[in-house]
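> This is the structure, below, for whatever I ask next.
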Amino acid sequence: MAKFEGYKDIYVFVEQRNGEIANVGYELISEARKLVASIPQMGFQVVGVLLGHNVTDKANDVIAHGADKVIVADHELLEGYSTQFYADTLTQIIETYKPDSFLTGATVLGRDLAPRVAARLNAGLTADATKIEIDQEKVADGEALLLVTRPTFGGNLFGTIVCPDTRPQMATIRPNVFSMDPVDTARTGEVVAFTPDFKDTDAKVVVKEVIAKVVEGIDITKCDILVGAGRGAEDCLVW
């Protein structure tokens with residue numbers, strides 16, 4: 001019997017705001033497909049997890065970007081991001097479906113949500129990762145152990161972290177470190193509706209107003225190449 005009997009598949013949190021899905025979710029789905037392809041004998045699938053309100057129609061977009069299945073929690077209390085309700089819902093989904101691994105973008109939202117869920121599940125979490133692989137030596141034992149690499153000591157060193165004793169293996173991954181596969185609108189997959197059971201619907205934190213950040217010029221976070229120069233180069237001729 002495998003060490004973690006009943007745990008399977010690689011789950012990806014598909015972050016969205018105002019119905020617009022963040023690219024990092026699609027990047028992680030593309031990377032998860034590569035991980036699954038490296039362990040065909042385990043029969044893992046890539047599962048997207050989408051939370052929000054009136055977002056069910058986005059599930060097919062997630063499938064087109066590479067997910068085999070999408071679990072959608074569509075609820076009015078999930079319309080805007082709430083640490084309380086999102087953590088409740090995600091914890092319930094993980095406890096219900098038992099993913100082997102759960103990947104989240106290392107965004108402002110992901111960095112707030114993932115550690116809270118990991119604490120509730122008593123699961124290991126590697127934060128701000130830049131590389132993920134599967135330990136092929138463990139596959140023969142029926143175990144898909146993630147090797148998660150992250151920078152440390154100010155980026156001067158890289159450490160590889162494993163969570164061999166708990167499931168799911170959780171990690172937040174930096175945006176833009178993985179490429180996004182082309183969209184395939186012909187892909188088909190399963191869409192599963194999940195209804196969260198909120199024990200307490202009284203919001204502990206209420207957002208009164210959201211002021212959108214005005215972005216002028218080019219969004220450098222989406223650039224393929226970024227060139228920077230310090231003050232020491234101010235007299236240099238650049239061409």
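A note on labels: chains of the structure tokens are A, B, ... as shown, every chain counts residues from 1, and ligands are counted from 1 in their shown order.
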So that I can see what lies close to Gly159 of chain A, please list as a VMD selection string the residues with an atom at most 12 Å from it, counting only C-alpha atoms and leaving out residues fewer than 2 positions away in the same chain.
chain A and resid 126 to 132 147 to 157 161 to 162
> Using only N, CA and C atoms, please write the residues we just selected to a file, as a compact mmCIF listing (two decimals), in the first residue's frame.

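Below is the file that was written, selection_23.txt:
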```
# COMPACT_ATOMS: atom_id res chain seq x y z
N THR A 126 6.06 25.29 0.99
CA THR A 126 7.28 25.96 0.54
C THR A 126 6.86 27.25 -0.16
N ALA A 127 7.41 28.37 0.29
CA ALA A 127 6.98 29.67 -0.22
C ALA A 127 7.96 30.23 -1.24
N ASP A 128 7.39 30.94 -2.22
CA ASP A 128 8.18 31.74 -3.17
C ASP A 128 9.12 30.88 -4.00
N ALA A 129 8.65 29.75 -4.47
CA ALA A 129 9.49 28.82 -5.22
C ALA A 129 9.68 29.28 -6.67
N THR A 130 10.76 28.79 -7.26
CA THR A 130 11.08 29.12 -8.65
C THR A 130 11.26 27.88 -9.52
N LYS A 131 11.20 26.69 -8.90
CA LYS A 131 11.40 25.45 -9.66
C LYS A 131 10.72 24.31 -8.92
N ILE A 132 10.05 23.43 -9.66
CA ILE A 132 9.42 22.26 -9.05
C ILE A 132 9.68 21.04 -9.94
N LEU A 147 10.11 18.11 -5.38
CA LEU A 147 11.36 18.79 -5.05
C LEU A 147 11.14 20.26 -5.41
N VAL A 148 11.01 21.08 -4.40
CA VAL A 148 10.64 22.49 -4.61
C VAL A 148 11.84 23.36 -4.28
N THR A 149 12.28 24.12 -5.27
CA THR A 149 13.47 24.95 -5.11
C THR A 149 13.08 26.41 -4.96
N ARG A 150 13.73 27.09 -4.00
CA ARG A 150 13.47 28.50 -3.78
C ARG A 150 14.77 29.21 -3.46
N PRO A 151 14.86 30.50 -3.79
CA PRO A 151 16.06 31.26 -3.44
C PRO A 151 16.11 31.54 -1.95
N THR A 152 17.32 31.64 -1.42
CA THR A 152 17.50 31.95 0.00
C THR A 152 18.73 32.82 0.16
N PHE A 153 18.92 33.37 1.35
CA PHE A 153 20.03 34.28 1.63
C PHE A 153 20.12 35.38 0.58
N GLY A 154 18.99 36.03 0.37
CA GLY A 154 18.96 37.17 -0.55
C GLY A 154 19.15 36.79 -2.00
N GLY A 155 18.89 35.54 -2.33
CA GLY A 155 19.04 35.09 -3.71
C GLY A 155 20.43 34.59 -4.04
N ASN A 156 21.32 34.56 -3.05
CA ASN A 156 22.68 34.09 -3.30
C ASN A 156 22.77 32.57 -3.36
N LEU A 157 21.82 31.89 -2.75
CA LEU A 157 21.79 30.44 -2.76
C LEU A 157 20.39 29.95 -3.09
N ILE A 161 13.48 22.00 -1.14
CA ILE A 161 12.71 21.62 0.05
C ILE A 161 11.74 20.50 -0.31
N VAL A 162 11.62 19.53 0.58
CA VAL A 162 10.66 18.43 0.40
C VAL A 162 9.76 18.35 1.63
```
> Extract, using only C-alpha atoms, all DNA, RNA and protein residues at most 12 Å from segment 3-10 of chain A, discarding same-chain residues fewer than 5 positions from it, and format them as a PyMOL selection string.
chain A and resi 28-37+39-40+42-49+67-70+94-104+134+138-146+164-171
> Sorted by chain and rising residue number, list the residues of segment 51-159 of chain A at most 12 Å from segment 193-211 of chain A (counting only C-alpha atoms), each with its closest atom pair and distance in Å to one decimal, as CSV.

```
residue,atom,partner,partner_atom,distance
A:Leu51,CA,A:Phe194,CA,9.5
A:Gly52,CA,A:Phe194,CA,11.4
A:His53,CA,A:Thr195,CA,11.6
A:Val55,CA,A:Ala193,CA,11.1
A:Thr56,CA,A:Ala193,CA,8.3
A:Asp57,CA,A:Ala193,CA,11.5
A:Ala59,CA,A:Ala193,CA,10.2
A:Lys69,CA,A:Ala193,CA,10.9
A:Val70,CA,A:Ala193,CA,8.5
A:Ile71,CA,A:Ala193,CA,5.9
A:Val72,CA,A:Ala193,CA,5.0
A:Ala73,CA,A:Phe194,CA,4.9
A:Asp74,CA,A:Thr195,CA,7.3
A:His75,CA,A:Thr195,CA,7.5
A:Glu76,CA,A:Thr201,CA,10.9
A:Leu77,CA,A:Thr201,CA,8.0
A:Leu78,CA,A:Pro196,CA,10.0
A:Glu79,CA,A:Val207,CA,11.5
A:Gly80,CA,A:Val207,CA,8.7
A:Tyr81,CA,A:Val207,CA,9.3
A:Ser82,CA,A:Val205,CA,7.8
A:Thr83,CA,A:Val205,CA,8.6
A:Gln84,CA,A:Ala203,CA,7.4
A:Phe85,CA,A:Phe198,CA,7.7
A:Tyr86,CA,A:Pro196,CA,9.7
A:Ala87,CA,A:Phe198,CA,10.7
A:Asp88,CA,A:Phe198,CA,7.2
A:Thr89,CA,A:Pro196,CA,5.5
A:Leu90,CA,A:Pro196,CA,8.7
A:Thr91,CA,A:Pro196,CA,9.7
A:Gln92,CA,A:Pro196,CA,7.1
A:Ile93,CA,A:Phe194,CA,7.7
A:Ile94,CA,A:Phe194,CA,11.3
A:Glu95,CA,A:Pro196,CA,11.7
A:Thr96,CA,A:Phe194,CA,9.9
A:Tyr97,CA,A:Phe194,CA,10.7
```
> Would you please work out which residue, of A:Ala22, A:Thr185, A:Val192, A:Ser38, is nearest to Glu133 of chain A when using only C-alpha atoms?
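Selected residue with least distance to Glu133 of chain A: A:Ser38.
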> Which residue gives the smallest distance to Val62 of chain A among A:Cys163, A:Val117, A:Val191, A:Ala123, with only C-alpha atoms counted?
A:Val191
> Under the rule that only C-alpha atoms are counted, which of A:Thr160, A:Asn60, A:Gln136, A:Asn23 is the nearest residue to Ala186 of chain A?
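Closest to Ala186 of chain A, using only C-alpha atoms: A:Asn60.
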> Between A:Ala118, A:Gly228, A:Gly66, A:Ile220, which one has atoms that come closest to Glu190 of chain A, using only C-alpha atoms?
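Answer, going by the shortest atom-to-atom distance: A:Gly66.
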> May I have all residues of segment 6-210 of chain A that DSSP, computed from the backbone, assigns to strand (DSSP E or B), given as number ranges by chain?
A: 8-14, 16-17, 20-21, 46-52, 69-74, 99-105, 125-129, 131-134, 146-152, 157-161, 169-173, 190-193
> Apply DSSP to the structure's backbone, then extract all residues of segment 62-184 of chain A labelled helix (DSSP H, G or I) and return them as a VMD selection string.
chain A and resid 62 to 64 76 to 78 83 to 97 108 to 121 136 to 139 153 to 155
